$ cat target.cif   # mmCIF, C-alpha atoms
data_protein
loop_
_atom_site.label_atom_id
_atom_site.label_comp_id
_atom_site.auth_asym_id
_atom_site.auth_seq_id
_atom_site.Cartn_x
_atom_site.Cartn_y
_atom_site.Cartn_z
CA MET A 1063 0.00 0.00 0.00
CA ASN A 1064 1.42 3.41 -0.95
CA GLU A 1065 1.93 6.00 1.78
CA SER A 1066 -0.91 8.26 0.67
CA ALA A 1067 -3.45 5.43 0.80
CA LEU A 1068 -2.03 4.21 4.11
CA ALA A 1069 -2.29 7.70 5.62
CA LYS A 1070 -5.88 8.10 4.46
CA GLN A 1071 -6.92 4.66 5.72
CA THR A 1072 -5.23 5.01 9.12
CA THR A 1073 -6.57 8.51 9.72
CA LYS A 1074 -10.10 7.41 8.84
CA LYS A 1075 -9.86 4.45 11.22
CA THR A 1076 -8.61 6.53 14.13
CA MET A 1077 -11.19 9.26 13.60
CA THR A 1078 -14.04 6.77 13.30
CA ARG A 1079 -12.96 4.85 16.38
CA ILE A 1080 -12.06 7.71 18.71
CA LEU A 1081 -13.97 10.88 17.86
CA PRO A 1082 -17.63 9.73 18.16
CA PHE A 1083 -16.92 8.17 21.56
CA ILE A 1084 -15.13 11.14 23.10
CA LEU A 1085 -17.82 13.41 21.64
CA ILE A 1086 -20.45 11.46 23.61
CA LEU A 1087 -18.32 11.66 26.77
CA TYR A 1088 -17.96 15.42 26.48
CA ILE A 1089 -21.69 15.93 25.76
CA ILE A 1090 -22.45 14.22 29.07
CA ALA A 1091 -19.71 16.23 30.84
CA TYR A 1092 -21.00 19.54 29.50
CA LEU A 1093 -24.61 18.70 30.29
CA ASP A 1094 -23.74 17.75 33.89
CA ARG A 1095 -21.70 20.93 34.22
CA VAL A 1096 -24.33 23.45 33.09
CA ASN A 1097 -27.65 21.77 33.93
CA LEU A 1098 -27.60 23.87 37.09
CA GLY A 1099 -28.86 26.70 34.88
CA PHE A 1100 -32.07 24.78 34.14
CA ALA A 1101 -32.44 23.59 37.73
CA ALA A 1102 -32.46 27.29 38.68
CA LEU A 1103 -35.87 27.69 37.05
CA GLU A 1104 -37.36 25.92 40.11
CA MET A 1105 -34.47 25.27 42.51
CA ASN A 1106 -33.75 28.92 43.31
CA ALA A 1107 -37.26 29.42 44.64
CA ASP A 1108 -37.34 26.08 46.50
CA LEU A 1109 -34.05 26.73 48.30
CA ALA A 1110 -34.43 30.54 48.51
CA LEU A 1111 -31.30 31.23 46.44
CA THR A 1112 -30.61 34.84 45.43
CA ALA A 1113 -29.06 35.82 42.09
CA GLU A 1114 -25.73 36.46 43.82
CA VAL A 1115 -25.79 33.01 45.46
CA PHE A 1116 -26.69 31.32 42.18
CA GLY A 1117 -23.89 33.15 40.36
CA LEU A 1118 -21.41 31.94 42.96
CA LEU A 1119 -22.81 28.39 42.81
CA SER A 1120 -22.38 28.40 39.03
CA GLY A 1121 -18.78 29.54 39.29
CA ILE A 1122 -17.51 27.62 42.33
CA PHE A 1123 -17.28 24.47 40.19
CA PHE A 1124 -14.33 26.08 38.42
CA ILE A 1125 -12.44 26.78 41.64
CA GLY A 1126 -12.18 23.05 42.33
CA TYR A 1127 -11.37 22.56 38.68
CA PHE A 1128 -8.56 25.14 38.87
CA PHE A 1129 -6.71 23.56 41.80
CA PHE A 1130 -6.77 19.96 40.57
CA GLU A 1131 -6.49 20.23 36.79
CA VAL A 1132 -2.69 20.19 36.38
CA PRO A 1133 -2.16 17.25 38.80
CA SER A 1134 -4.99 15.37 37.08
CA ASN A 1135 -3.42 15.75 33.64
CA MET A 1136 -0.02 14.66 34.92
CA ILE A 1137 -1.57 11.54 36.44
CA MET A 1138 -3.36 10.74 33.18
CA HIS A 1139 -0.09 11.01 31.25
CA LYS A 1140 1.39 8.40 33.60
CA VAL A 1141 -1.47 5.92 34.11
CA GLY A 1142 -3.14 6.27 30.71
CA ALA A 1143 -6.33 7.86 29.43
CA ARG A 1144 -8.48 4.73 29.69
CA ILE A 1145 -8.22 4.35 33.47
CA TRP A 1146 -8.09 8.02 34.36
CA ILE A 1147 -10.96 9.23 32.20
CA ALA A 1148 -13.09 6.35 33.50
CA ARG A 1149 -12.25 7.44 37.07
CA ILE A 1150 -13.22 11.01 36.30
CA MET A 1151 -16.58 10.02 34.83
CA LEU A 1152 -17.52 7.65 37.65
CA SER A 1153 -16.73 10.20 40.36
CA TRP A 1154 -18.52 13.08 38.65
CA GLY A 1155 -21.59 10.93 37.96
CA ILE A 1156 -21.91 10.10 41.66
CA ILE A 1157 -21.61 13.78 42.66
CA VAL A 1158 -24.21 14.94 40.11
CA ILE A 1159 -26.67 12.36 41.47
CA LEU A 1160 -26.00 13.50 45.04
CA THR A 1161 -26.76 17.10 43.97
CA GLY A 1162 -30.37 16.00 43.52
CA PHE A 1163 -30.59 15.53 47.30
CA ALA A 1164 -29.14 18.93 48.33
CA GLN A 1165 -31.20 20.72 50.97
CA SER A 1166 -29.45 24.10 51.18
CA ALA A 1167 -27.09 26.51 49.48
CA THR A 1168 -24.28 25.13 51.67
CA HIS A 1169 -24.87 21.61 50.34
CA LEU A 1170 -24.78 22.97 46.80
CA TYR A 1171 -21.57 24.91 47.40
CA ILE A 1172 -19.85 21.74 48.63
CA LEU A 1173 -21.18 19.51 45.85
CA ARG A 1174 -20.41 21.97 43.06
CA PHE A 1175 -16.87 22.42 44.34
CA LEU A 1176 -16.42 18.64 44.54
CA LEU A 1177 -17.81 18.28 41.02
CA GLY A 1178 -15.06 20.61 39.80
CA VAL A 1179 -12.47 18.52 41.66
CA ALA A 1180 -13.88 15.29 40.21
CA GLU A 1181 -14.04 16.57 36.64
CA ALA A 1182 -10.68 18.40 36.73
CA GLY A 1183 -8.47 17.12 33.99
CA PHE A 1184 -11.22 15.70 31.80
CA PHE A 1185 -11.18 18.28 29.01
CA PRO A 1186 -7.42 19.02 28.92
CA GLY A 1187 -6.90 15.27 29.27
CA ILE A 1188 -8.95 14.68 26.14
CA ILE A 1189 -7.05 17.43 24.29
CA LEU A 1190 -3.80 15.77 25.36
CA TYR A 1191 -5.18 12.40 24.29
CA LEU A 1192 -5.84 13.75 20.78
CA THR A 1193 -2.13 14.58 20.45
CA TYR A 1194 -1.39 10.87 20.97
CA TRP A 1195 -3.48 9.95 17.93
CA PHE A 1196 -3.68 12.82 15.45
CA ARG A 1197 -1.12 14.79 13.51
CA GLU A 1198 -1.10 18.58 13.73
CA ARG A 1199 -2.86 18.90 10.38
CA GLU A 1200 -5.82 16.86 11.71
CA ARG A 1201 -6.14 18.29 15.22
CA GLY A 1202 -8.35 21.18 14.14
CA LYS A 1203 -10.85 18.69 12.71
CA ALA A 1204 -10.55 16.45 15.77
CA THR A 1205 -11.02 19.27 18.29
CA ALA A 1206 -13.89 20.70 16.21
CA VAL A 1207 -15.69 17.35 16.46
CA LEU A 1208 -15.00 17.17 20.20
CA LEU A 1209 -16.26 20.71 20.78
CA LEU A 1210 -19.51 20.02 19.00
CA ALA A 1211 -20.39 18.62 22.42
CA LEU A 1212 -20.98 22.20 23.62
CA PRO A 1213 -23.84 23.10 21.26
CA ILE A 1214 -25.13 19.51 21.08
CA GLY A 1215 -25.16 19.39 24.87
CA GLY A 1216 -27.20 22.59 24.82
CA LEU A 1217 -29.57 21.26 22.16
CA ILE A 1218 -30.18 18.04 24.09
CA GLY A 1219 -29.97 19.47 27.58
CA ALA A 1220 -32.33 22.42 27.16
CA PRO A 1221 -35.52 20.51 26.25
CA LEU A 1222 -34.55 17.37 28.21
CA SER A 1223 -33.83 19.21 31.44
CA ALA A 1224 -36.94 21.35 31.11
CA TRP A 1225 -39.09 18.28 30.37
CA ILE A 1226 -37.79 16.39 33.41
CA ILE A 1227 -38.39 19.40 35.66
CA ASP A 1228 -41.97 19.78 34.40
CA ASN A 1229 -42.98 16.13 34.20
CA ILE A 1230 -41.14 13.95 36.73
CA ALA A 1231 -41.86 14.13 40.45
CA TRP A 1232 -41.46 10.53 41.58
CA ALA A 1233 -41.24 9.69 45.29
CA SER A 1234 -42.37 13.23 46.16
CA LEU A 1235 -39.07 14.69 44.91
CA GLU A 1236 -39.17 17.88 42.85
CA GLY A 1237 -38.47 17.76 39.13
CA TRP A 1238 -35.19 19.64 39.39
CA ARG A 1239 -33.90 16.98 41.79
CA TRP A 1240 -34.79 14.22 39.34
CA MET A 1241 -33.04 16.19 36.60
CA PHE A 1242 -29.74 15.86 38.48
CA ILE A 1243 -30.33 12.22 39.37
CA LEU A 1244 -31.32 11.07 35.86
CA GLU A 1245 -28.67 13.14 34.07
CA GLY A 1246 -25.93 11.83 36.39
CA ILE A 1247 -26.58 8.16 35.55
CA PRO A 1248 -25.14 8.22 31.97
CA ALA A 1249 -21.74 9.32 33.35
CA LEU A 1250 -21.62 6.16 35.49
CA ILE A 1251 -22.54 3.92 32.56
CA LEU A 1252 -20.05 5.55 30.19
CA GLY A 1253 -17.32 5.44 32.84
CA VAL A 1254 -17.58 1.64 32.85
CA ILE A 1255 -17.67 1.50 29.02
CA THR A 1256 -14.56 3.70 28.85
CA LEU A 1257 -12.55 1.04 30.70
CA VAL A 1258 -13.33 -1.42 27.92
CA TYR A 1259 -13.45 0.76 24.82
CA LEU A 1260 -10.74 3.43 25.04
CA THR A 1261 -7.21 2.69 23.81
CA ASP A 1262 -4.32 4.57 25.43
CA ARG A 1263 -1.83 4.74 22.54
CA PRO A 1264 -1.53 3.58 18.91
CA SER A 1265 0.90 0.83 19.93
CA LYS A 1266 -1.92 -0.79 21.94
CA ALA A 1267 -4.58 -0.52 19.22
CA LYS A 1268 -5.72 -4.00 18.25
CA TRP A 1269 -8.05 -2.39 15.72
CA LEU A 1270 -5.07 -1.08 13.66
CA THR A 1271 -2.77 -3.27 11.57
CA GLN A 1272 0.95 -3.33 12.34
CA GLU A 1273 1.61 -1.36 9.15
CA GLU A 1274 -0.87 1.32 10.24
CA ILE A 1275 0.59 1.47 13.75
CA LYS A 1276 4.12 1.83 12.40
CA TRP A 1277 3.11 4.61 10.01
CA LEU A 1278 1.10 6.55 12.62
CA GLU A 1279 3.74 6.32 15.34
CA GLY A 1280 6.40 7.38 12.83
CA GLU A 1281 4.40 10.45 11.84
CA LEU A 1282 3.71 11.44 15.43
CA GLU A 1283 7.31 10.88 16.50
CA GLY A 1284 8.52 13.11 13.67
CA GLU A 1285 6.27 15.90 14.92
CA ARG A 1286 7.47 15.39 18.50
CA GLN A 1287 11.09 15.75 17.43
CA ALA A 1288 10.27 18.89 15.45
CA ALA A 1289 8.41 20.30 18.46
CA LEU A 1290 11.48 19.71 20.62
CA ARG A 1291 13.54 21.89 18.28
CA LEU A 1292 10.92 24.66 18.21
CA ASN A 1293 9.35 24.81 21.68
CA LYS A 1294 10.58 24.91 25.26
CA PRO A 1295 11.84 21.37 26.02
CA SER A 1296 11.43 21.44 29.81
CA LYS A 1297 8.49 22.26 32.04
CA LEU A 1298 10.48 24.93 33.89
CA GLU A 1299 11.49 26.71 30.68
CA MET A 1300 7.91 26.47 29.46
CA LEU A 1301 6.66 28.19 32.63
CA LYS A 1302 9.07 31.06 31.96
CA ASP A 1303 7.74 31.47 28.42
CA ALA A 1304 5.50 34.52 28.04
CA THR A 1305 3.63 32.79 25.20
CA VAL A 1306 2.17 30.21 27.60
CA TRP A 1307 0.83 32.90 29.90
CA LYS A 1308 -0.59 34.87 26.99
CA LEU A 1309 -2.42 31.72 25.89
CA ALA A 1310 -3.79 31.35 29.42
CA ILE A 1311 -4.99 34.97 29.63
CA PHE A 1312 -6.55 34.83 26.18
CA TYR A 1313 -8.39 31.61 26.96
CA PHE A 1314 -9.48 33.05 30.31
CA ALA A 1315 -11.24 35.85 28.43
CA GLY A 1316 -13.03 33.46 26.09
CA TYR A 1317 -13.92 31.07 28.91
CA THR A 1318 -15.44 33.93 30.90
CA GLY A 1319 -17.79 34.63 28.01
CA VAL A 1320 -18.65 30.98 27.33
CA TYR A 1321 -19.70 30.18 30.89
CA GLY A 1322 -21.15 33.58 31.61
CA LEU A 1323 -23.76 32.65 29.02
CA SER A 1324 -24.01 28.90 29.63
CA PHE A 1325 -25.41 29.14 33.16
CA TRP A 1326 -27.58 32.22 32.69
CA VAL A 1327 -29.31 31.76 29.31
CA PRO A 1328 -32.44 30.05 30.76
CA THR A 1329 -32.82 32.68 33.50
CA ILE A 1330 -32.26 35.57 31.07
CA ILE A 1331 -34.89 34.18 28.69
CA LYS A 1332 -37.34 33.58 31.55
CA SER A 1333 -36.93 37.16 32.77
CA LEU A 1334 -38.08 38.50 29.38
CA SER A 1335 -40.71 35.84 28.61
CA ALA A 1336 -44.43 36.04 29.13
CA ILE A 1337 -45.46 35.42 32.71
CA ASN A 1338 -47.13 32.12 31.79
CA ALA A 1339 -44.20 30.73 29.76
CA THR A 1340 -43.54 27.13 30.77
CA ASN A 1341 -40.12 25.69 31.54
CA MET A 1342 -40.45 23.64 28.36
CA GLU A 1343 -41.05 26.75 26.25
CA ILE A 1344 -38.02 28.39 27.85
CA GLY A 1345 -36.03 25.23 27.09
CA TRP A 1346 -36.93 25.39 23.39
CA MET A 1347 -35.88 29.04 23.17
CA ALA A 1348 -32.65 28.29 25.02
CA MET A 1349 -31.78 25.82 22.26
CA LEU A 1350 -31.34 28.55 19.66
CA PRO A 1351 -27.96 29.89 20.85
CA SER A 1352 -26.69 26.29 20.90
CA LEU A 1353 -28.06 25.61 17.43
CA VAL A 1354 -25.91 28.30 15.81
CA GLY A 1355 -22.86 26.83 17.54
CA ILE A 1356 -22.76 23.70 15.40
CA PRO A 1357 -21.93 25.37 12.05
CA ALA A 1358 -19.69 27.89 13.86
CA ILE A 1359 -17.49 25.17 15.37
CA ILE A 1360 -17.37 23.06 12.20
CA PHE A 1361 -16.50 26.00 9.95
CA THR A 1362 -13.79 27.52 12.14
CA GLY A 1363 -12.20 24.16 12.99
CA LEU A 1364 -12.03 22.94 9.39
CA ASN A 1365 -11.22 26.29 7.79
CA ALA A 1366 -8.45 27.06 10.30
CA ASP A 1367 -6.90 23.68 9.50
CA ARG A 1368 -7.27 24.24 5.76
CA THR A 1369 -5.73 27.71 5.75
CA GLY A 1370 -3.39 27.42 8.75
CA LYS A 1371 -4.69 30.81 9.94
CA HIS A 1372 -5.84 29.85 13.43
CA LYS A 1373 -4.95 33.21 14.94
CA GLN A 1374 -7.01 35.19 12.45
CA HIS A 1375 -10.02 32.94 13.01
CA LEU A 1376 -9.76 33.48 16.76
CA VAL A 1377 -9.70 37.27 16.42
CA VAL A 1378 -12.78 37.33 14.18
CA CYS A 1379 -14.71 34.95 16.45
CA LEU A 1380 -14.14 37.02 19.58
CA LEU A 1381 -15.05 40.21 17.71
CA ILE A 1382 -18.38 38.60 16.77
CA ALA A 1383 -18.93 37.51 20.39
CA THR A 1384 -18.13 41.03 21.62
CA VAL A 1385 -20.77 42.52 19.32
CA GLY A 1386 -23.21 39.90 20.61
CA PHE A 1387 -22.59 40.81 24.26
CA ILE A 1388 -23.01 44.53 23.54
CA GLY A 1389 -26.27 43.68 21.77
CA CYS A 1390 -27.43 41.70 24.83
CA ALA A 1391 -26.71 44.72 27.02
CA LEU A 1392 -28.90 46.91 24.80
CA ALA A 1393 -31.75 44.41 24.18
CA THR A 1394 -34.89 44.98 26.24
CA THR A 1395 -37.34 42.48 24.71
CA LEU A 1396 -37.28 38.71 24.26
CA TRP A 1397 -36.49 38.03 20.60
CA PRO A 1398 -33.80 40.71 20.14
CA MET A 1399 -32.18 39.23 23.27
CA VAL A 1400 -32.36 35.68 21.86
CA ALA A 1401 -30.84 36.95 18.58
CA MET A 1402 -27.95 38.65 20.40
CA LEU A 1403 -27.40 35.61 22.65
CA SER A 1404 -27.20 33.53 19.46
CA LEU A 1405 -24.69 35.93 17.88
CA ALA A 1406 -22.50 35.86 20.99
CA SER A 1407 -22.75 32.08 21.07
CA ALA A 1408 -21.73 31.79 17.41
CA GLY A 1409 -18.56 33.76 18.11
CA LEU A 1410 -17.75 31.87 21.31
CA TYR A 1411 -18.38 28.43 19.83
CA GLY A 1412 -16.32 29.37 16.78
CA PHE A 1413 -13.51 30.48 19.09
CA THR A 1414 -13.45 27.06 20.77
CA GLY A 1415 -13.44 25.37 17.35
CA SER A 1416 -9.98 26.65 16.45
CA PHE A 1417 -8.30 27.52 19.77
CA PHE A 1418 -7.28 24.04 20.88
CA ALA A 1419 -5.52 23.12 17.66
CA TYR A 1420 -3.65 26.43 17.95
CA LEU A 1421 -2.81 25.68 21.59
CA THR A 1422 -1.17 22.30 20.94
CA PHE A 1423 1.34 23.77 18.48
CA PHE A 1424 3.25 25.42 21.35
CA PHE A 1425 4.19 22.34 23.39
CA THR A 1426 6.43 19.29 23.23
CA GLU A 1427 5.24 15.83 24.32
CA SER A 1428 6.88 16.25 27.74
CA THR A 1429 5.48 19.74 28.37
CA ALA A 1430 2.03 19.18 26.85
CA PRO A 1431 0.41 17.52 29.91
CA VAL A 1432 1.37 20.43 32.17
CA GLY A 1433 1.12 23.17 29.55
CA ILE A 1434 -2.34 22.31 28.26
CA ALA A 1435 -3.66 21.76 31.79
CA LEU A 1436 -2.05 25.01 32.99
CA VAL A 1437 -3.69 27.07 30.25
CA ASN A 1438 -7.03 25.35 30.79
CA SER A 1439 -6.93 25.58 34.59
CA PHE A 1440 -6.09 29.29 34.56
CA ALA A 1441 -8.89 29.81 32.08
CA ALA A 1442 -11.23 27.86 34.35
CA LEU A 1443 -11.16 30.86 36.67
CA GLY A 1444 -13.06 32.58 33.87
CA GLY A 1445 -15.76 29.99 34.44
CA PHE A 1446 -16.01 31.38 37.96
CA VAL A 1447 -15.80 35.04 36.93
CA GLY A 1448 -18.35 34.97 34.08
CA PRO A 1449 -21.38 33.58 35.98
CA THR A 1450 -20.45 35.61 39.07
CA ILE A 1451 -20.43 38.88 37.09
CA LEU A 1452 -23.94 38.24 35.79
CA GLY A 1453 -25.07 37.38 39.31
CA MET A 1454 -23.58 40.48 40.93
CA PHE A 1455 -24.62 43.16 38.43
CA VAL A 1456 -27.75 44.07 36.52
CA LEU A 1457 -27.89 42.39 33.11
CA GLU A 1458 -26.84 45.47 31.10
CA THR A 1459 -23.73 46.10 33.23
CA GLY A 1460 -22.80 42.42 33.29
CA MET A 1461 -22.99 42.07 29.50
CA PHE A 1462 -20.84 45.17 28.96
CA ALA A 1463 -18.30 43.77 31.45
CA LEU A 1464 -18.11 40.48 29.51
CA ALA A 1465 -17.64 42.42 26.26
CA ILE A 1466 -14.73 44.38 27.78
CA ILE A 1467 -13.06 41.15 28.94
CA LEU A 1468 -13.28 39.76 25.39
CA VAL A 1469 -11.69 42.92 23.99
CA VAL A 1470 -8.77 42.45 26.41
CA GLY A 1471 -8.47 38.87 25.15
CA ILE A 1472 -8.31 40.07 21.55
CA LEU A 1473 -5.55 42.56 22.40
CA ILE A 1474 -3.55 39.78 24.09
CA LEU A 1475 -3.99 37.52 21.06
CA LEU A 1476 -2.69 40.21 18.71
CA THR A 1477 0.65 40.07 20.56
CA MET A 1478 0.88 36.28 20.10
CA PRO A 1479 3.09 34.63 17.49
CA LYS A 1480 1.63 32.48 14.77
CA ALA A 1481 1.73 28.74 15.45
CA ASN A 1482 5.31 27.52 15.36
CA ILE A 1483 4.61 24.86 12.74
CA GLU A 1484 2.67 25.29 9.53
CA ILE A 1485 1.80 22.91 6.70
CA GLN A 1486 2.54 24.08 3.18
CA ALA A 1487 2.14 22.56 -0.23
CA GLU A 1488 5.30 21.58 -2.11
CA GLY A 1489 4.37 20.06 -5.43
CA ASN A 1490 2.10 17.09 -4.68
CA LYS A 1491 3.31 16.78 -1.10
CA GLU A 1492 2.67 18.58 2.18
CA VAL A 1493 5.70 19.72 4.14
CA ARG A 1494 5.99 21.14 7.63
CA VAL A 1495 7.87 24.41 8.08
CA THR A 1496 8.56 26.85 10.88
CA THR A 1497 7.03 30.31 10.75
CA SER A 1498 10.44 31.59 9.70
CA GLY A 1499 10.36 29.26 6.67
CA LYS A 1500 12.71 26.50 7.87
CA ARG A 1501 11.74 23.16 6.30
CA LEU A 1502 11.23 20.35 8.85
CA THR A 1503 9.98 17.45 6.71
#

$ encode --input "target.cif" --output "structure tokens"
Amino acid sequence: MNESALAKQTTKKTMTRILPFILILYIIAYLDRVNLGFAALEMNADLALTAEVFGLLSGIFFIGYFFFEVPSNMIMHKVGARIWIARIMLSWGIIVILTGFAQSATHLYILRFLLGVAEAGFFPGIILYLTYWFRERERGKATAVLLLALPIGGLIGAPLSAWIIDNIAWASLEGWRWMFILEGIPALILGVITLVYLTDRPSKAKWLTQEEIKWLEGELEGERQAALRLNKPSKLEMLKDATVWKLAIFYFAGYTGVYGLSFWVPTIIKSLSAINATNMEIGWMAMLPSLVGIPAIIFTGLNADRTGKHKQHLVVCLLIATVGFIGCALATTLWPMVAMLSLASAGLYGFTGSFFAYLTFFFTESTAPVGIALVNSFAALGGFVGPTILGMFVLETGMFALAIILVVGILILLTMPKANIEIQAEGNKEVRVTTSGKRLT
């Protein structure tokens, strides 16, 4: 088999085997992370939670996430993705189910913090896992597929969560409690399946031929050696690199916007809806911002890979999101607000579609576990800041504040270098070159 056919066949096999499964895992993770926003439609009144308390509850998840993300990723690099991701899913599923039995704000604070601790390392672990299987030229596609979990989770979670809240009240428990219980069970089931299904590295893949394994490991090793020549080879040197901290600050800005919206969309829509709007009707309207996210992620992920212009895509996406947030601040009726929420979501989802491919270009294999987790854990503080801002301030002020944070992120990004490695055409072949033009392959 010639190399071109071998490359095509191996890449198709790995994408078909890995991407649908990790997409399902992340859909469940995202749903369990943000379903608090739908629980708020009834839970806030039942437990007498103020807007400030709910904003803090939404964000405290990310404090636990922040402290345990780097250690979690380092452990995964040592013990393997199969065992560690299964552990993460089993522990977070148990905590989500327990949330259905919370009796006070204090219980919720504890459980949401523990959920962040349990889930810490899942997303950066998956991003790291993709570097074990996909070449740089395919990571934009791979991360775009993974990040479809965000809008798909919203599309599934909005009507499902609202339906459970309105229609299930078994054993005299409120619907919002059953929402947590029922939506926590899939994480337990998938945690067990992960132990059987996931493969740690290409060398252990029984579903690849020896020829395919040899080709894939050769390609990935070539990229690792090139990365060693271009990026900081040690963790200490990486931590001294301003580029890493710029990546962290930039992602913090985007993350603040993403989760500022994720937890508050149902409540914002409810505040502008007719008095007799049902939770189910609110759920359907809350789907719209998620719906626009699917084409946004696919387009930016694939087009950034095709053109190699990840940085430019990121700037445009955050500009779109900024306009959306300003529009939300100015909107005073329901449908203009939904339109502006959708515009902001399109920009934010598009941003996620190309950021993680861009991120992986700046690390070697030895620094990637710490580097990716460091950037993601610092950004997780944005997941605390975003919901808290919307809980502390009136909607108009909060939306303007989120827009300003995105503008700061854009300014940081403009000082960033292009990705260290680019793919260029040379006759009928693709070659990898540095941004200064040095040929690597």

$ residues_around --input "target.cif" --residues "Ser1166 (chain A)" --least-positions-apart "5" --cutoff "9 Å" --atoms "all atoms listed in the file" --output "ChimeraX atom specification"
/A:1109-1111,1171

$ atom_distance --input "target.cif" --atom1 "CA of Ile1156 (chain A)" --atom2 "CA of Leu1177 (chain A)"
9.2 Å

$ closest_atom_pairs --input "target.cif" --of "region 1199-1279 of chain A" --to "region 1332-1353 of chain A" --cutoff "9 Å" --atoms "all atoms listed in the file" --output "JSON lines"
{"residue": "A:Leu1212", "atom": "CA", "partner": "A:Ser1352", "partner_atom": "CA", "distance": 7.5}
{"residue": "A:Pro1213", "atom": "CA", "partner": "A:Ser1352", "partner_atom": "CA", "distance": 4.3}
{"residue": "A:Ile1214", "atom": "CA", "partner": "A:Ser1352", "partner_atom": "CA", "distance": 7.0}
{"residue": "A:Gly1215", "atom": "CA", "partner": "A:Ser1352", "partner_atom": "CA", "distance": 8.1}
{"residue": "A:Gly1216", "atom": "CA", "partner": "A:Ser1352", "partner_atom": "CA", "distance": 5.4}
{"residue": "A:Leu1217", "atom": "CA", "partner": "A:Met1349", "partner_atom": "CA", "distance": 5.1}
{"residue": "A:Ile1218", "atom": "CA", "partner": "A:Met1349", "partner_atom": "CA", "distance": 8.2}
{"residue": "A:Gly1219", "atom": "CA", "partner": "A:Gly1345", "partner_atom": "CA", "distance": 8.4}
{"residue": "A:Ala1220", "atom": "CA", "partner": "A:Gly1345", "partner_atom": "CA", "distance": 4.6}
{"residue": "A:Pro1221", "atom": "CA", "partner": "A:Gly1345", "partner_atom": "CA", "distance": 4.8}
{"residue": "A:Leu1222", "atom": "CA", "partner": "A:Gly1345", "partner_atom": "CA", "distance": 8.1}
{"residue": "A:Ser1223", "atom": "CA", "partner": "A:Gly1345", "partner_atom": "CA", "distance": 7.7}
{"residue": "A:Ala1224", "atom": "CA", "partner": "A:Met1342", "partner_atom": "CA", "distance": 5.0}
{"residue": "A:Trp1225", "atom": "CA", "partner": "A:Met1342", "partner_atom": "CA", "distance": 5.9}
{"residue": "A:Ile1227", "atom": "CA", "partner": "A:Asn1341", "partner_atom": "CA", "distance": 7.7}
{"residue": "A:Asp1228", "atom": "CA", "partner": "A:Asn1341", "partner_atom": "CA", "distance": 6.8}

$ write_last_selection --input "target.cif" --atoms "C-alpha atoms" --output "tab-separated table (two decimals), in the frame of the given file"
chain	number	residue	atom	x	y	z
A	1212	LEU	CA	-20.98	22.20	23.62
A	1213	PRO	CA	-23.84	23.10	21.26
A	1214	ILE	CA	-25.13	19.51	21.08
A	1215	GLY	CA	-25.16	19.39	24.87
A	1216	GLY	CA	-27.20	22.59	24.82
A	1217	LEU	CA	-29.57	21.26	22.16
A	1218	ILE	CA	-30.18	18.04	24.09
A	1219	GLY	CA	-29.97	19.47	27.58
A	1220	ALA	CA	-32.33	22.42	27.16
A	1221	PRO	CA	-35.52	20.51	26.25
A	1222	LEU	CA	-34.55	17.37	28.21
A	1223	SER	CA	-33.83	19.21	31.44
A	1224	ALA	CA	-36.94	21.35	31.11
A	1225	TRP	CA	-39.09	18.28	30.37
A	1227	ILE	CA	-38.39	19.40	35.66
A	1228	ASP	CA	-41.97	19.78	34.40

$ resolve_selection --input "target.cif" --expression "the PyMOL selection byres ((chain A and resi 1184) around 10)" --output "NGL selection string"
:A and (1087-1088 or 1091 or 1127 or 1131 or 1134-1135 or 1138 or 1143 or 1146-1151 or 1180-1183 or 1185-1190 or 1435)

$ resolve_selection --input "target.cif" --expression "the PyMOL selection byres ((chain A and resi 1195-1208) around 7)" --output "list in words"
Leu1081, Ile1084, Leu1085, Leu1192, Thr1193, Tyr1194, Leu1209, Leu1210, Ala1211, Pro1264, Leu1282, Ile1359, Ile1360, Gly1363, Leu1364, Asp1367, Gly1415, Ser1416, Phe1418 and Ala1419 of chain A

$ resolve_selection --input "target.cif" --expression "the PyMOL selection byres ((chain A and resi 1299-1309) around 10)" --output "ChimeraX atom specification"
/A:1293-1298,1310-1314,1417,1420-1421,1424-1426,1429-1430,1432-1434,1436-1438,1440-1441,1471,1474-1475,1477-1479

$ closest_residue --input "target.cif" --among "A:Leu1068, A:Leu1468, A:Leu1476, A:Ala1102" --to "Thr1271 (chain A)" --atoms "all atoms listed in the file"
A:Leu1068

$ residues_around --input "target.cif" --residues "Leu1392 (chain A)" --least-positions-apart "3" --cutoff "7 Å" --atoms "all atoms listed in the file" --output "PyMOL selection string"
chain A and resi 1388-1389+1458

$ atom_distance --input "target.cif" --atom1 "CA of Leu1152 (chain A)" --atom2 "CA of Phe1123 (chain A)"
17.0 Å

$ closest_residue --input "target.cif" --among "A:Leu1119, A:Lys1075, A:Lys1373, A:Glu1236" --to "Ala1267 (chain A)" --atoms "only C-alpha atoms"
A:Lys1075

$ closest_residue --input "target.cif" --among "A:Met1105, A:Phe1124, A:Lys1074, A:Gly1117" --to "Met1454 (chain A)" --atoms "all atoms listed in the file"
A:Gly1117

$ axis_aligned_box --input "target.cif" --around "region 1069-1085 of chain A" --padding-each-side "4 Å" --output "AutoDock Vina command-line options"
--center_x -10.1 --center_y 8.9 --center_z 13.8 --size_x 23.5 --size_y 17.0 --size_z 26.6
